[in-house]
>>> print(open('run_25.pdb').read())   # PDB, C-alpha atoms and all ligand atoms
MODEL        1
ATOM      1  CA  MET H   1      -1.608  -5.132 -35.781
ATOM      2  CA  GLY H   2      -4.496  -2.941 -34.659
ATOM      3  CA  THR H   3      -5.570  -2.432 -31.048
ATOM      4  CA  LEU H   4      -8.441  -4.883 -31.395
ATOM      5  CA  GLU H   5      -6.258  -7.747 -32.675
ATOM      6  CA  ILE H   6      -3.830  -7.171 -29.806
ATOM      7  CA  LEU H   7      -6.716  -7.189 -27.334
ATOM      8  CA  SER H   8      -8.154 -10.390 -28.717
ATOM      9  CA  GLY H   9      -4.741 -12.036 -28.221
ATOM     10  CA  TYR H  10      -4.816 -11.084 -24.559
ATOM     11  CA  ARG H  11      -8.322 -12.401 -24.255
ATOM     12  CA  ASN H  12      -7.138 -15.878 -25.164
ATOM     13  CA  ASP H  13      -4.258 -15.646 -22.694
ATOM     14  CA  LEU H  14      -6.430 -14.496 -19.858
ATOM     15  CA  SER H  15      -9.633 -16.437 -20.015
ATOM     16  CA  TYR H  16      -8.467 -19.955 -20.723
ATOM     17  CA  GLY H  17      -5.749 -22.341 -19.718
ATOM     18  CA  CYS H  18      -6.903 -22.877 -16.146
ATOM     19  CA  SER H  19      -5.199 -25.998 -14.835
ATOM     20  CA  PHE H  20      -7.274 -28.632 -13.060
ATOM     21  CA  GLN H  21      -5.649 -27.618  -9.794
ATOM     22  CA  THR H  22      -6.564 -23.988 -10.322
ATOM     23  CA  GLU H  23     -10.156 -24.862 -11.148
ATOM     24  CA  LYS H  24     -10.398 -27.072  -8.095
ATOM     25  CA  PHE H  25      -9.013 -24.290  -5.928
ATOM     26  CA  MET H  26     -11.429 -21.792  -7.431
ATOM     27  CA  LEU H  27     -14.394 -24.093  -6.909
ATOM     28  CA  GLU H  28     -13.520 -24.474  -3.244
ATOM     29  CA  HIS H  29     -12.798 -20.795  -2.944
ATOM     30  CA  ALA H  30     -15.993 -19.753  -4.736
ATOM     31  CA  ILE H  31     -18.075 -21.440  -2.055
ATOM     32  CA  MET H  32     -16.466 -19.181   0.514
ATOM     33  CA  THR H  33     -15.626 -15.624  -0.430
ATOM     34  CA  GLN H  34     -15.367 -14.106  -3.891
ATOM     35  CA  ILE H  35     -13.072 -11.110  -3.955
ATOM     36  CA  ILE H  36     -13.705  -8.933  -6.999
ATOM     37  CA  CYS H  37     -11.685  -5.838  -7.836
ATOM     38  CA  ILE H  38     -13.253  -3.245 -10.081
ATOM     39  CA  ALA H  39     -10.469  -1.777 -12.153
ATOM     40  CA  ASN H  40      -9.690   0.308 -15.213
ATOM     41  CA  GLN H  41      -6.920   2.879 -15.164
ATOM     42  CA  LYS H  42      -9.175   5.325 -16.994
ATOM     43  CA  GLY H  43     -11.093   7.700 -14.763
ATOM     44  CA  GLY H  44     -14.807   8.310 -15.140
ATOM     45  CA  VAL H  45     -15.731   4.946 -16.642
ATOM     46  CA  GLY H  46     -18.101   3.871 -13.850
ATOM     47  CA  LYS H  47     -15.831   1.946 -11.444
ATOM     48  CA  THR H  48     -17.100   3.620  -8.271
ATOM     49  CA  THR H  49     -20.725   3.671  -9.433
ATOM     50  CA  THR H  50     -20.433  -0.065 -10.109
ATOM     51  CA  ALA H  51     -18.666  -0.797  -6.806
ATOM     52  CA  ILE H  52     -21.329   0.977  -4.736
ATOM     53  CA  ASN H  53     -24.373  -0.276  -6.593
ATOM     54  CA  LEU H  54     -23.256  -3.834  -7.239
ATOM     55  CA  ALA H  55     -22.287  -4.152  -3.561
ATOM     56  CA  ALA H  56     -25.747  -2.888  -2.559
ATOM     57  CA  ALA H  57     -27.430  -5.229  -5.049
ATOM     58  CA  PHE H  58     -25.504  -8.239  -3.683
ATOM     59  CA  ALA H  59     -26.407  -7.322  -0.116
ATOM     60  CA  LEU H  60     -30.093  -6.988  -1.030
ATOM     61  CA  SER H  61     -29.837 -10.423  -2.657
ATOM     62  CA  ASN H  62     -28.929 -11.799   0.810
ATOM     63  CA  GLN H  63     -25.191 -11.993   0.110
ATOM     64  CA  LYS H  64     -23.059 -10.715   2.956
ATOM     65  CA  THR H  65     -20.923  -8.125   1.220
ATOM     66  CA  LEU H  66     -17.947  -5.920   2.029
ATOM     67  CA  LEU H  67     -17.139  -2.834  -0.044
ATOM     68  CA  VAL H  68     -13.464  -1.877   0.161
ATOM     69  CA  ASP H  69     -12.633   1.640  -0.985
ATOM     70  CA  CYS H  70      -9.079   1.461  -2.304
ATOM     71  CA  ASP H  71      -9.070   4.933  -3.873
ATOM     72  CA  PRO H  72      -7.664   7.886  -1.858
ATOM     73  CA  GLN H  73     -10.333  10.049  -3.542
ATOM     74  CA  ALA H  74     -12.796   8.073  -1.387
ATOM     75  CA  ASN H  75     -15.764   8.503  -3.743
ATOM     76  CA  ALA H  76     -17.177   5.089  -2.817
ATOM     77  CA  THR H  77     -16.961   6.020   0.882
ATOM     78  CA  THR H  78     -18.943   9.242   0.487
ATOM     79  CA  GLY H  79     -21.233   7.733  -2.169
ATOM     80  CA  ILE H  80     -22.360   4.997   0.235
ATOM     81  CA  GLY H  81     -23.137   7.638   2.858
ATOM     82  CA  ILE H  82     -20.151   7.564   5.217
ATOM     83  CA  ASN H  83     -18.941  10.826   6.704
ATOM     84  CA  LYS H  84     -15.148  10.674   6.333
ATOM     85  CA  ALA H  85     -14.566  13.440   8.854
ATOM     86  CA  THR H  86     -15.957  11.353  11.714
ATOM     87  CA  LEU H  87     -13.765   8.308  11.085
ATOM     88  CA  GLU H  88     -10.898   7.556  13.431
ATOM     89  CA  THR H  89      -9.305   5.021  11.112
ATOM     90  CA  THR H  90      -9.569   4.033   7.455
ATOM     91  CA  LEU H  91      -8.153   1.433   5.052
ATOM     92  CA  TYR H  92      -4.804   3.226   5.274
ATOM     93  CA  HIS H  93      -4.435   2.445   8.992
ATOM     94  CA  GLY H  94      -5.282  -1.202   8.380
ATOM     95  CA  MET H  95      -2.795  -1.451   5.520
ATOM     96  CA  ILE H  96       0.112   0.050   7.407
ATOM     97  CA  GLY H  97      -0.667  -2.095  10.463
ATOM     98  CA  ALA H  98      -1.673   0.815  12.685
ATOM     99  CA  ALA H  99      -5.215  -0.467  13.347
ATOM    100  CA  PRO H 100      -6.748  -3.962  13.586
ATOM    101  CA  LEU H 101      -8.968  -5.035  10.697
ATOM    102  CA  SER H 102     -12.092  -5.242  12.875
ATOM    103  CA  SER H 103     -11.737  -1.569  13.824
ATOM    104  CA  ILE H 104     -11.712  -0.267  10.230
ATOM    105  CA  ILE H 105     -14.927  -2.025   9.090
ATOM    106  CA  VAL H 106     -18.036   0.155   9.360
ATOM    107  CA  ASN H 107     -21.754  -0.392   8.764
ATOM    108  CA  SER H 108     -23.759   1.035   5.874
ATOM    109  CA  ASP H 109     -27.495   1.791   5.697
ATOM    110  CA  ILE H 110     -28.061  -1.660   4.205
ATOM    111  CA  ASP H 111     -28.067  -4.729   6.437
ATOM    112  CA  GLY H 112     -25.491  -7.139   5.154
ATOM    113  CA  LEU H 113     -23.327  -4.455   3.525
ATOM    114  CA  LYS H 114     -20.246  -3.334   5.387
ATOM    115  CA  VAL H 115     -17.553  -0.936   4.240
ATOM    116  CA  ILE H 116     -13.842  -0.393   4.684
ATOM    117  CA  PRO H 117     -13.696   3.338   4.006
ATOM    118  CA  SER H 118     -10.900   5.344   2.476
ATOM    119  CA  ARG H 119      -9.647   8.867   2.881
ATOM    120  CA  VAL H 120      -6.927  11.084   1.431
ATOM    121  CA  GLU H 121      -4.227   9.669   3.758
ATOM    122  CA  LEU H 122      -4.269   6.507   1.623
ATOM    123  CA  THR H 123      -2.014   8.347  -0.864
ATOM    124  CA  GLY H 124       0.720   7.988   1.789
ATOM    125  CA  PHE H 125       0.590   4.193   1.469
ATOM    126  CA  GLU H 126       2.292   4.287  -1.931
ATOM    127  CA  VAL H 127       5.212   6.354  -0.697
ATOM    128  CA  GLU H 128       5.638   4.648   2.659
ATOM    129  CA  MET H 129       5.439   1.079   1.371
ATOM    130  CA  MET H 130       7.446   1.469  -1.842
ATOM    131  CA  ALA H 131      10.564  -0.057  -0.222
ATOM    132  CA  SER H 132       8.718  -2.957   1.429
ATOM    133  CA  PRO H 133       9.564  -6.279  -0.290
ATOM    134  CA  SER H 134       5.988  -7.628  -0.213
ATOM    135  CA  ARG H 135       4.363  -4.290  -0.937
ATOM    136  CA  GLU H 136       1.864  -5.727  -3.466
ATOM    137  CA  LYS H 137       0.513  -8.313  -1.002
ATOM    138  CA  ILE H 138      -0.452  -6.068   1.902
ATOM    139  CA  LEU H 139      -4.191  -5.871   1.112
ATOM    140  CA  LYS H 140      -4.334  -9.612   0.443
ATOM    141  CA  LYS H 141      -2.827 -10.333   3.867
ATOM    142  CA  LEU H 142      -5.212  -7.896   5.523
ATOM    143  CA  LEU H 143      -8.316  -9.446   3.903
ATOM    144  CA  TYR H 144      -7.170 -12.997   4.760
ATOM    145  CA  GLU H 145      -8.100 -12.260   8.352
ATOM    146  CA  LEU H 146     -11.787 -12.071   7.392
ATOM    147  CA  ASP H 147     -12.050 -15.842   6.929
ATOM    148  CA  ASP H 148     -15.516 -16.526   5.529
ATOM    149  CA  SER H 149     -17.365 -13.570   7.009
ATOM    150  CA  PHE H 150     -18.497 -12.360   3.588
ATOM    151  CA  GLU H 151     -19.783 -13.915   0.412
ATOM    152  CA  TYR H 152     -18.585 -11.020  -1.729
ATOM    153  CA  ILE H 153     -15.821  -8.482  -1.261
ATOM    154  CA  LEU H 154     -15.792  -5.694  -3.866
ATOM    155  CA  ILE H 155     -12.728  -3.479  -4.142
ATOM    156  CA  ASP H 156     -13.042  -0.078  -5.825
ATOM    157  CA  CYS H 157      -9.714   0.841  -7.467
ATOM    158  CA  PRO H 158      -8.189   4.242  -8.217
ATOM    159  CA  PRO H 159      -7.934   5.398 -11.857
ATOM    160  CA  SER H 160      -4.305   4.282 -12.288
ATOM    161  CA  LEU H 161      -2.160   1.172 -12.377
ATOM    162  CA  SER H 162      -0.542   2.237  -9.120
ATOM    163  CA  LEU H 163       0.627   0.171  -6.147
ATOM    164  CA  LEU H 164      -2.890   0.374  -4.692
ATOM    165  CA  THR H 165      -4.382  -1.148  -7.854
ATOM    166  CA  LEU H 166      -1.688  -3.844  -7.858
ATOM    167  CA  ASN H 167      -2.628  -4.628  -4.240
ATOM    168  CA  ALA H 168      -6.297  -4.924  -5.234
ATOM    169  CA  MET H 169      -5.481  -7.215  -8.189
ATOM    170  CA  THR H 170      -3.226  -9.362  -5.992
ATOM    171  CA  ALA H 171      -5.909  -9.720  -3.321
ATOM    172  CA  ALA H 172      -8.705 -10.504  -5.792
ATOM    173  CA  ASP H 173     -10.020 -13.732  -7.290
ATOM    174  CA  PHE H 174     -11.647 -11.791 -10.116
ATOM    175  CA  ILE H 175     -11.368  -8.480 -11.888
ATOM    176  CA  LEU H 176     -14.427  -6.711 -13.248
ATOM    177  CA  ILE H 177     -13.599  -4.137 -15.919
ATOM    178  CA  PRO H 178     -16.098  -1.339 -16.535
ATOM    179  CA  LEU H 179     -15.921  -0.055 -20.098
ATOM    180  CA  GLN H 180     -17.576   3.246 -20.898
ATOM    181  CA  SER H 181     -19.576   3.077 -24.090
ATOM    182  CA  GLU H 182     -17.641   5.810 -25.892
ATOM    183  CA  PHE H 183     -15.263   6.076 -28.822
ATOM    184  CA  TYR H 184     -11.991   5.684 -26.884
ATOM    185  CA  ALA H 185     -13.308   2.852 -24.683
ATOM    186  CA  LEU H 186     -10.893   0.223 -25.930
ATOM    187  CA  GLU H 187      -7.843   2.523 -25.900
ATOM    188  CA  GLY H 188      -5.692   1.692 -22.931
ATOM    189  CA  LEU H 189      -7.377  -1.657 -22.420
ATOM    190  CA  GLY H 190      -4.281  -3.383 -23.813
ATOM    191  CA  GLN H 191      -2.164  -1.869 -21.049
ATOM    192  CA  LEU H 192      -4.665  -3.044 -18.436
ATOM    193  CA  LEU H 193      -4.769  -6.575 -19.844
ATOM    194  CA  GLN H 194      -0.965  -6.679 -19.949
ATOM    195  CA  THR H 195      -0.865  -5.660 -16.273
ATOM    196  CA  ILE H 196      -3.357  -8.422 -15.420
ATOM    197  CA  LYS H 197      -1.162 -10.899 -17.284
ATOM    198  CA  ARG H 198       1.903  -9.783 -15.335
ATOM    199  CA  ILE H 199       0.029 -10.059 -12.042
ATOM    200  CA  LYS H 200      -1.072 -13.581 -12.976
ATOM    201  CA  GLU H 201       2.494 -14.568 -13.774
ATOM    202  CA  ASN H 202       4.124 -13.016 -10.726
ATOM    203  CA  LEU H 203       1.717 -12.315  -7.898
ATOM    204  CA  ASN H 204      -1.662 -13.963  -8.285
ATOM    205  CA  PRO H 205      -1.930 -16.959 -10.657
ATOM    206  CA  ASN H 206      -5.615 -17.415  -9.794
ATOM    207  CA  LEU H 207      -6.745 -13.994 -10.996
ATOM    208  CA  LYS H 208      -9.452 -14.262 -13.636
ATOM    209  CA  ILE H 209     -11.574 -11.737 -15.471
ATOM    210  CA  SER H 210     -15.111 -11.975 -14.147
ATOM    211  CA  GLY H 211     -16.275  -9.859 -17.026
ATOM    212  CA  ILE H 212     -16.232  -6.620 -18.966
ATOM    213  CA  LEU H 213     -19.155  -4.367 -18.120
ATOM    214  CA  LEU H 214     -20.464  -1.839 -20.621
ATOM    215  CA  THR H 215     -21.427   1.287 -18.701
ATOM    216  CA  MET H 216     -23.216   4.516 -19.620
ATOM    217  CA  PHE H 217     -24.799   2.661 -22.500
ATOM    218  CA  ASP H 218     -27.063   4.930 -24.514
ATOM    219  CA  ARG H 219     -29.594   3.111 -26.666
ATOM    220  CA  ARG H 220     -30.241   6.287 -28.662
ATOM    221  CA  THR H 221     -26.742   6.434 -30.112
ATOM    222  CA  ASN H 222     -25.165   4.255 -32.769
ATOM    223  CA  LEU H 223     -21.840   4.757 -31.049
ATOM    224  CA  SER H 224     -22.905   2.763 -27.972
ATOM    225  CA  PHE H 225     -23.955  -0.138 -30.177
ATOM    226  CA  GLN H 226     -20.704   0.070 -32.151
ATOM    227  CA  VAL H 227     -18.615  -0.096 -28.971
ATOM    228  CA  ALA H 228     -20.702  -3.051 -27.745
ATOM    229  CA  GLU H 229     -20.360  -4.797 -31.097
ATOM    230  CA  ASN H 230     -16.574  -4.332 -31.184
ATOM    231  CA  ALA H 231     -16.179  -5.440 -27.597
ATOM    232  CA  GLU H 232     -18.377  -8.500 -28.145
ATOM    233  CA  LYS H 233     -16.481  -9.401 -31.297
ATOM    234  CA  TYR H 234     -13.158  -9.569 -29.485
ATOM    235  CA  PHE H 235     -14.078 -10.521 -25.932
ATOM    236  CA  LYS H 236     -17.146 -12.668 -26.665
ATOM    237  CA  ASP H 237     -18.328 -14.376 -23.487
ATOM    238  CA  LEU H 238     -16.243 -12.055 -21.316
ATOM    239  CA  ILE H 239     -18.790  -9.279 -21.907
ATOM    240  CA  PHE H 240     -21.595  -9.267 -19.347
ATOM    241  CA  LYS H 241     -25.035  -9.654 -20.893
ATOM    242  CA  THR H 242     -26.221  -6.863 -18.601
ATOM    243  CA  LYS H 243     -25.367  -3.374 -19.836
ATOM    244  CA  ILE H 244     -25.580  -0.381 -17.526
ATOM    245  CA  PRO H 245     -27.603   2.391 -19.202
ATOM    246  CA  ARG H 246     -26.711   6.045 -19.013
ATOM    247  CA  ASN H 247     -29.130   7.116 -16.307
ATOM    248  CA  VAL H 248     -29.198  10.468 -14.556
ATOM    249  CA  ARG H 249     -30.500   8.914 -11.314
ATOM    250  CA  LEU H 250     -27.220   6.971 -11.045
ATOM    251  CA  SER H 251     -25.230  10.203 -11.117
ATOM    252  CA  GLU H 252     -27.530  11.918  -8.589
ATOM    253  CA  ALA H 253     -27.537   9.161  -5.950
ATOM    254  CA  PRO H 254     -23.958   9.667  -4.571
ATOM    255  CA  SER H 255     -24.668  13.256  -3.537
ATOM    256  CA  PHE H 256     -27.400  11.856  -1.264
ATOM    257  CA  GLY H 257     -24.976   9.240   0.073
ATOM    258  CA  LYS H 258     -27.201   6.466  -1.204
ATOM    259  CA  PRO H 259     -26.834   3.516  -3.527
ATOM    260  CA  ILE H 260     -29.291   3.746  -6.406
ATOM    261  CA  ILE H 261     -31.489   1.000  -4.965
ATOM    262  CA  LEU H 262     -32.266   3.162  -1.917
ATOM    263  CA  TYR H 263     -32.399   6.405  -3.900
ATOM    264  CA  ASP H 264     -34.727   5.343  -6.732
ATOM    265  CA  ARG H 265     -35.474   1.659  -6.852
ATOM    266  CA  SER H 266     -37.643   1.927  -9.964
ATOM    267  CA  SER H 267     -34.988   3.687 -12.068
ATOM    268  CA  ALA H 268     -33.381   1.981 -15.047
ATOM    269  CA  GLY H 269     -30.025   2.278 -13.257
ATOM    270  CA  ALA H 270     -31.251   0.399 -10.168
ATOM    271  CA  LYS H 271     -32.769  -2.345 -12.298
ATOM    272  CA  SER H 272     -29.568  -2.769 -14.281
ATOM    273  CA  TYR H 273     -27.361  -3.255 -11.203
ATOM    274  CA  LEU H 274     -29.841  -5.762  -9.703
ATOM    275  CA  GLU H 275     -29.762  -7.576 -13.042
ATOM    276  CA  LEU H 276     -25.948  -7.586 -13.024
ATOM    277  CA  ALA H 277     -25.885  -9.043  -9.498
ATOM    278  CA  GLU H 278     -28.310 -11.753 -10.614
ATOM    279  CA  GLU H 279     -26.211 -12.525 -13.706
ATOM    280  CA  MET H 280     -23.108 -12.878 -11.529
ATOM    281  CA  LEU H 281     -24.886 -14.956  -8.869
ATOM    282  CA  ASN H 282     -26.208 -17.313 -11.532
ATOM    283  CA  ALA H 283     -22.707 -17.655 -13.000
ATOM    284  CA  GLY H 284     -21.553 -18.799  -9.528
TER     285      GLY H 284
HETATM  286  N1  LIG H 301     -24.564   4.674 -15.907
HETATM  287  C1  LIG H 301     -24.352   5.953 -15.619
HETATM  288  N2  LIG H 301     -25.223   6.900 -16.025
HETATM  289  C2  LIG H 301     -25.002   8.196 -15.762
HETATM  290  N3  LIG H 301     -23.942   8.679 -15.091
HETATM  291  C3  LIG H 301     -23.042   7.775 -14.660
HETATM  292  C4  LIG H 301     -23.197   6.382 -14.883
HETATM  293  N4  LIG H 301     -22.129   5.726 -14.343
HETATM  294  C5  LIG H 301     -21.357   6.670 -13.798
HETATM  295  N5  LIG H 301     -21.887   7.905 -13.974
HETATM  296  C6  LIG H 301     -21.323   9.200 -13.556
HETATM  297  O1  LIG H 301     -20.090   9.369 -14.260
HETATM  298  C7  LIG H 301     -19.082   9.897 -13.414
HETATM  299  C8  LIG H 301     -17.912   8.919 -13.310
HETATM  300  O2  LIG H 301     -18.362   7.709 -12.735
HETATM  301  P1  LIG H 301     -17.510   6.951 -11.619
HETATM  302  O3  LIG H 301     -18.298   5.753 -11.222
HETATM  303  O4  LIG H 301     -17.125   7.899 -10.537
HETATM  304  O5  LIG H 301     -16.236   6.517 -12.470
HETATM  305  P2  LIG H 301     -14.774   6.061 -11.994
HETATM  306  O6  LIG H 301     -14.895   5.518 -10.616
HETATM  307  O7  LIG H 301     -14.392   5.031 -13.012
HETATM  308  O8  LIG H 301     -13.898   7.260 -12.069
HETATM  309  C9  LIG H 301     -19.755  10.157 -12.073
HETATM  310  O9  LIG H 301     -20.169  11.490 -12.019
HETATM  311  C10 LIG H 301     -20.945   9.209 -12.083
HETATM  312  O10 LIG H 301     -22.005   9.682 -11.275
HETATM  313 MG    MG H 302     -13.795   6.085  -8.861
ENDMDL
END
>>> encode(input="run_25.pdb", output="structure tokens")
Amino acid sequence: MGTLEILSGYRNDLSYGCSFQTEKFMLEHAIMTQIICIANQKGGVGKTTTAINLAAAFALSNQKTLLVDCDPQANATTGIGINKATLETTLYHGMIGAAPLSSIIVNSDIDGLKVIPSRVELTGFEVEMMASPSREKILKKLLYELDDSFEYILIDCPPSLSLLTLNAMTAADFILIPLQSEFYALEGLGQLLQTIKRIKENLNPNLKISGILLTMFDRRTNLSFQVAENAEKYFKDLIFKTKIPRNVRLSEAPSFGKPIILYDRSSAGAKSYLELAEEMLNAG
């Protein structure tokens, strides 16, 4: 069996078979907070860019939003304009129980968008918590304390299937998978889908795929269209209608500590993330 056939098998496992109880729970839950983790163990596929800009787009659509940076590299933290050096505490301190949740949430330049920042000390979480029996549920327990303060919580994951990513997938209602429009895009997706399946079976039965997002889409290349065609063939309705174009403004914005909507609102990148937020809001 080729990679694509294997992937299409997972698709059926993951997107259907919701029991009535699960759907009822999700309906109730959807009215309150939607927790979405942005994951793909490949680096450089657009996870952080999506986390920052989708969070900003939700907030500007009047949705109270929290961006949680779950990557020790802290690119989402710097990209949204937070100076790590001035922080007393970060996600790490919340996760190890050394600081109350309220003290690790900080403001961003956008009203309605708050951030739980990260920093390099988060790497210590993996080592220190490895022996803890409920080590995958620590982020979930931490975020429970928020009650209904936010409509959306977006979690930016590190480029691995590490304990931090497992925590994000256990805490989340949905996973959003960015897929870079390049030749090897689908390689490694099987491993990710298998991990999601295991999490559903063991840690978080309510986890669903919110969608697969094609990023760095280049209309000038056949390759981008081929990747989209293959992905649509096997994942059908799981692929977001919105595609994120390759857009240089998107790669410039983080060095100014700004989401694209504040950096260049008229750019194709800004429009695409606003469109994605609208697509997701309309889907409920
Ligand atoms: N749509 C895009 N167009 C152009 N550059 C992009 C786009 N999305 C991401 N990038 C750039 O690609 C690199 C990797 O993106 P990033 O979001 O950091 O990926 P990940 O978090 O998956 O590692 C960054 O330099 C980012 O600025
Ligand atoms: Mg990243």
>>> closest_residue(input="run_25.pdb", among="H:Thr195, H:Gln41, H:Ser149, H:Thr77", to="ligand LIG 301 (chain H)", atoms="only C-alpha atoms and all ligand atoms")
H:Gln41
>>> axis_aligned_box(input="run_25.pdb", around="stretch 35-44 of chain H", padding_each_side="4 Å", output="lines of an AutoDock Vina configuration file")
center_x = -10.9
center_y = -1.4
center_z = -10.5
size_x = 15.9
size_y = 27.4
size_z = 21.0
>>> residues_near_point(input="run_25.pdb", point="(-0.3, -16.7, -8.1)", cutoff="12 Å", atoms="all atoms listed in the file", output="list of chain:residue names")
H:Thr22, H:Phe25, H:Lys137, H:Lys140, H:Met169, H:Thr170, H:Ala171, H:Ala172, H:Asp173, H:Ile196, H:Lys197, H:Arg198, H:Ile199, H:Lys200, H:Glu201, H:Asn202, H:Leu203, H:Asn204, H:Pro205, H:Asn206, H:Leu207, H:Lys208
>>> closest_atom_pairs(input="run_25.pdb", of="chain H", to="ligand MG 302 (chain H)", cutoff="12 Å", atoms="all atoms listed in the file", output="tab-separated table")
residue	atom	partner	partner_atom	distance
H:Ile38	CA	H:MG302	MG	9.4
H:Ala39	CA	H:MG302	MG	9.1
H:Asn40	CA	H:MG302	MG	9.5
H:Gln41	CA	H:MG302	MG	9.9
H:Lys42	CA	H:MG302	MG	9.4
H:Gly43	CA	H:MG302	MG	6.7
H:Gly44	CA	H:MG302	MG	6.7
H:Val45	CA	H:MG302	MG	8.1
H:Gly46	CA	H:MG302	MG	7.0
H:Lys47	CA	H:MG302	MG	5.3
H:Thr48	CA	H:MG302	MG	4.2
H:Thr49	CA	H:MG302	MG	7.4
H:Thr50	CA	H:MG302	MG	9.1
H:Ala51	CA	H:MG302	MG	8.7
H:Ile52	CA	H:MG302	MG	10.0
H:Asp69	CA	H:MG302	MG	9.1
H:Cys70	CA	H:MG302	MG	9.3
H:Asp71	CA	H:MG302	MG	7.0
H:Pro72	CA	H:MG302	MG	9.5
H:Gln73	CA	H:MG302	MG	7.5
H:Ala74	CA	H:MG302	MG	7.8
H:Asn75	CA	H:MG302	MG	6.0
H:Ala76	CA	H:MG302	MG	7.0
H:Thr77	CA	H:MG302	MG	10.2
H:Thr78	CA	H:MG302	MG	11.1
H:Gly79	CA	H:MG302	MG	10.1
H:Ser118	CA	H:MG302	MG	11.7
H:Ile155	CA	H:MG302	MG	10.7
H:Asp156	CA	H:MG302	MG	6.9
H:Cys157	CA	H:MG302	MG	6.8
H:Pro158	CA	H:MG302	MG	5.9
H:Pro159	CA	H:MG302	MG	6.6
H:Ser160	CA	H:MG302	MG	10.2
H:Thr165	CA	H:MG302	MG	11.9
H:Pro178	CA	H:MG302	MG	10.9
H:Pro254	CA	H:MG302	MG	11.6
>>> resolve_selection(input="run_25.pdb", expression="the PyMOL selection byres (((chain H and resi 267) around 12) and not hetatm)", output="list in words")
Ile244, Pro245, Arg246, Asn247, Val248, Arg249, Leu250, Ser251, Glu252, Ala253, Pro259, Ile260, Ile261, Leu262, Tyr263, Asp264, Arg265, Ser266, Ala268, Gly269, Ala270, Lys271, Ser272, Tyr273 and Leu274 of chain H
>>> residues_around(input="run_25.pdb", residues="H:Phe174", least_positions_apart="5", cutoff="7 Å", atoms="all atoms listed in the file", output="PyMOL selection string")
chain H and resi 35-37+207-210
>>> resolve_selection(input="run_25.pdb", expression="the PyMOL selection byres (((chain H and resi 242) around 9) and not hetatm)", output="NGL selection string")
:H and (213-214 or 239-241 or 243-244 or 272-273 or 275-276 or 279)
>>> atom_distance(input="run_25.pdb", atom1="atom CA of H:Ile177", atom2="atom CA of H:Ile212")
4.7 Å
>>> resolve_selection(input="run_25.pdb", expression="the PyMOL selection byres (((chain H and resi 228) around 10) and not hetatm)", output="PyMOL selection string")
chain H and resi 179-182+185+213-214+217+222-227+229-233+239+243
>>> atom_distance(input="run_25.pdb", atom1="atom O4 of ligand LIG 301 (chain H)", atom2="atom CA of H:Ser102")
27.3 Å
>>> closest_residue(input="run_25.pdb", among="H:Met129, H:Ala55, H:Met216, H:Leu163", to="ligand LIG 301 (chain H)", atoms="only C-alpha atoms and all ligand atoms")
H:Met216
>>> atom_distance(input="run_25.pdb", atom1="atom CA of H:Ala57", atom2="atom CA of H:Arg119")
24.0 Å
>>> residues_near_point(input="run_25.pdb", point="(-18.8, -1.8, 5.5)", cutoff="8 Å", atoms="only C-alpha atoms", output="PyMOL selection string")
chain H and resi 65-68+105-108+113-117
>>> write_last_selection(input="run_25.pdb", atoms="C-alpha atoms", output="mmCIF file, in the coordinates of the input")
data_model
loop_
_atom_site.group_PDB
_atom_site.id
_atom_site.type_symbol
_atom_site.label_atom_id
_atom_site.label_comp_id
_atom_site.auth_asym_id
_atom_site.auth_seq_id
_atom_site.Cartn_x
_atom_site.Cartn_y
_atom_site.Cartn_z
ATOM 1 C CA THR H 65 -20.923 -8.125 1.220
ATOM 2 C CA LEU H 66 -17.947 -5.920 2.029
ATOM 3 C CA LEU H 67 -17.139 -2.834 -0.044
ATOM 4 C CA VAL H 68 -13.464 -1.877 0.161
ATOM 5 C CA ILE H 105 -14.927 -2.025 9.090
ATOM 6 C CA VAL H 106 -18.036 0.155 9.360
ATOM 7 C CA ASN H 107 -21.754 -0.392 8.764
ATOM 8 C CA SER H 108 -23.759 1.035 5.874
ATOM 9 C CA LEU H 113 -23.327 -4.455 3.525
ATOM 10 C CA LYS H 114 -20.246 -3.334 5.387
ATOM 11 C CA VAL H 115 -17.553 -0.936 4.240
ATOM 12 C CA ILE H 116 -13.842 -0.393 4.684
ATOM 13 C CA PRO H 117 -13.696 3.338 4.006
#
>>> closest_residue(input="run_25.pdb", among="H:Asp237, H:Asp109, H:Asp218, H:Glu278", to="ligand LIG 301 (chain H)", atoms="all atoms listed in the file")
H:Asp218
>>> closest_residue(input="run_25.pdb", among="H:Gly257, H:Gly211, H:Gly97, H:Gly284", to="ligand LIG 301 (chain H)", atoms="all atoms listed in the file")
H:Gly257
